[in-house]
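All remarks here apply to the structure that follows.
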Amino acid sequence: MFTKAITVGVAVLLGAAPAAAQQRGTVELGAFGSATSFGSSLNMRSGWGGGARVGAFFTPRFAIELEGGGIRAGRALGLADVNVGVIAARLTVTPLQVGRLSVLLGAGATHTDTYFIESYGPHGLLGAKLRLTPNVDLRIDGILDYMANQGHTYGGLHAGLSFYRSPRSLTRTVTVAGPSVVARPDPAIAAEHRRLQNVAADYRALRDSLARPSVPRAASSPEALATMREMIHFAHDQSELSDSAKAILNDKVTVFNANPAMRIVIVGFASQPGTEAYNMALGTRRAEAAKAYLVSQGVDPIRIEIATRGEGQLVVEGPGELADAENRRGQFRLLIADPYLAVPKK
């Protein structure tokens, strides 16, 4: 019965995870070895075993997990060893992430079963994950379970590997026929479409302003126009400009000086680690650093505006160093200050 319960539970969660993961998160598959101490009240000693775990993230920091395992435990008074089966379901949160290390807290319920005793009770977890690759973690959990109908508590240690399946690999295409089905636009896709329209309009305004005889044509090359769309990136929790960021800004200065009618808006962004208020302030510091450098290179400060989005408008969703590196950035929007030169957006 225990083996069937694990098989059914894992199959149900695996079947449900792809649908949720398409919208909200990643699927985690893990295997572990375990060491468990039962104490003397059940005439059981320490035991060794292993198990498997499957989880689905519904935000980058919260996940639902189902875990099953088996333990071979020794017994007191000369009794034969006994097999113990454990199934646990819990909600797990990642309250702290520092570099590649993440701290885990979890709570839920557990079912413990041997041939002579069966019990249910609350279940707790304190653990840590160390990122080995973008898709593999080393995970160690401390487990504490309470057998409600026995009044007994036992604990153990799980150590193993977790493997992650990105939601981007779970995309399914569904074709629906019939006039009765009304397609509803996805808000995120609509917002991205508007953003791309605005970028295209700004590009056309810049192109047309550079084409006028009154504006120097030195900045009208494709390379110069591409420079306008380049973003600068920052190190983790830093607002100082790197040498590569300064090189990008130097290229922009050439175009700014060749087009005195331009107004520049610098927007600072941050990655997900940290509070919302802290990330908003960090985005402001990054935008101010870029503005100060442009002013030091001769750009009139009255032409430059700054803004911050904090951790909003992420380029790459989900946890991890690769996503964080892409999100902590500064990007530029170019506006035409002279109404005669402005090209209205449609």
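A note on labels: chains of the structure tokens are A, B, ... as shown, every chain counts residues from 1, and ligands are counted from 1 in their shown order.
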
Residues of range 85-142 of chain A at most 10 Å from range 48-55 of chain A: nearest atom pair and distance in Å, only C-alpha atoms, as a tab-separated table:
residue	atom	partner	partner_atom	distance
A:Gly85	CA	A:Gly51	CA	9.7
A:Val86	CA	A:Gly51	CA	9.1
A:Ile87	CA	A:Gly51	CA	9.6
A:Ala88	CA	A:Arg53	CA	9.4
A:Ala89	CA	A:Gly55	CA	9.7
A:Arg90	CA	A:Gly55	CA	9.5
A:Leu91	CA	A:Gly55	CA	9.4
A:Thr92	CA	A:Gly55	CA	9.2

Taking N, CA and C atoms for each residue, export the selection above as a tab-separated table (two decimals), in the first residue's frame.
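Written file, result_13.tsv:
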chain	number	residue	atom	x	y	z
A	85	GLY	N	7.94	3.26	6.28
A	85	GLY	CA	7.61	4.09	5.12
A	85	GLY	C	7.10	5.45	5.55
A	86	VAL	N	7.53	6.51	4.87
A	86	VAL	CA	7.14	7.87	5.22
A	86	VAL	C	6.72	8.61	3.96
A	87	ILE	N	5.55	9.27	4.01
A	87	ILE	CA	5.10	10.17	2.95
A	87	ILE	C	4.86	11.54	3.58
A	88	ALA	N	5.38	12.59	2.98
A	88	ALA	CA	5.22	13.94	3.52
A	88	ALA	C	4.79	14.89	2.40
A	89	ALA	N	3.88	15.80	2.72
A	89	ALA	CA	3.47	16.88	1.81
A	89	ALA	C	3.65	18.19	2.55
A	90	ARG	N	4.21	19.21	1.87
A	90	ARG	CA	4.51	20.45	2.59
A	90	ARG	C	4.56	21.64	1.64
A	91	LEU	N	4.50	22.81	2.25
A	91	LEU	CA	4.76	24.08	1.59
A	91	LEU	C	6.16	24.53	1.99
A	92	THR	N	6.99	24.84	1.00
A	92	THR	CA	8.37	25.23	1.26
A	92	THR	C	8.60	26.65	0.76

- Message: Give me, as a PyMOL selection string, all polymer residues having an atom no more than 12 Å from range 132-144 of chain A, counting only C-alpha atoms and skipping those fewer than 4 positions away in the same chain.
- Response: chain A and resi 26-38+53+67+86+88+90+92+99-110+121-128+152-166+318-323

- Message: For Pro301 in chain A, find every residue with an atom within 12 Å (counting only C-alpha atoms), except residues of its own chain fewer than 2 positions away, and show them as number ranges by chain.
- Response: A: 256, 262-266, 288, 290-299, 303-306

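The shortest atom-to-atom distance to Asp202 in chain A, with only C-alpha atoms taken into account, belongs to A:Arg229 out of A:Arg229, A:Pro60, A:Gly74, A:Phe234.
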
- Task: In Å, rounded to a single decimal, give me how far CA of Ile302 in chain A is from CA of Ala200 in chain A.
- Result: 25.1 Å

- Residue set, range 57-184 of chain A restricted to strand (DSSP E or B), as JSON, numbers by chain: {"A": [57, 62, 63, 64, 65, 66, 67, 68, 69, 70, 71, 72, 73, 74, 75, 82, 83, 84, 85, 86, 87, 88, 89, 90, 91, 92, 93, 94, 95, 96, 97, 98, 101, 102, 103, 104, 105, 106, 107, 108, 109, 110, 111, 112, 113, 118, 119, 120, 121, 122, 123, 124, 125, 126, 127, 128, 129, 130, 131, 132, 133, 136, 137, 138, 139, 140, 141, 142, 143, 144, 145, 146, 147, 152, 153, 154, 155, 156, 157, 158, 159, 160, 161, 162, 163, 164, 165]}

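Between CA of Glu276 in chain A and CA of Phe58 in chain A the separation is 19.2 Å.
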
- Write out as a ChimeraX atom specification each polymer residue whose atoms come within 10 Å of range 237-251 of chain A, counting only C-alpha atoms; drop sequence neighbours fewer than 3 positions from it. /A:223-224,227-228,230-234,254-256,268,270-271,273-274,278-279,282-291,293-294,297,328-330

- Go ahead and compute the interatomic distance for CA of Gln150 in chain A and CA of Thr112 in chain A, in Å to one decimal. 11.0 Å

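Non-sequential neighbours of Gly78 in chain A (distance at most 12 Å, separation of 4 or more positions within a chain, only C-alpha atoms) are A:Asn43, A:Met44, A:Arg45, A:Gly74, A:Val82.
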
Those same residues, written as a short mmCIF file (atom, residue, chain, number, x, y, z; two decimals), in the first residue's frame with N, CA and C atoms?
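To be explicit, this is the file written out as part-v2.cif:
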data_model
loop_
_atom_site.label_atom_id
_atom_site.label_comp_id
_atom_site.auth_asym_id
_atom_site.auth_seq_id
_atom_site.Cartn_x
_atom_site.Cartn_y
_atom_site.Cartn_z
N ASN A 43 10.82 1.47 20.93
CA ASN A 43 11.73 0.33 20.83
C ASN A 43 12.41 0.29 19.46
N MET A 44 12.69 1.48 18.89
CA MET A 44 13.34 1.59 17.59
C MET A 44 14.56 2.48 17.71
N ARG A 45 15.61 2.09 17.01
CA ARG A 45 16.83 2.88 17.03
C ARG A 45 16.97 3.66 15.71
N GLY A 74 16.69 -0.31 13.10
CA GLY A 74 16.96 -1.33 14.09
C GLY A 74 16.00 -1.22 15.26
N VAL A 82 13.06 -3.38 11.20
CA VAL A 82 11.74 -3.13 10.64
C VAL A 82 11.85 -2.11 9.52
#

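The nearest approach to Arg75 in chain A among the residues A:Leu42, A:Leu96, A:Ala188, A:Ala56, with only C-alpha atoms taken into account, belongs to A:Leu42.
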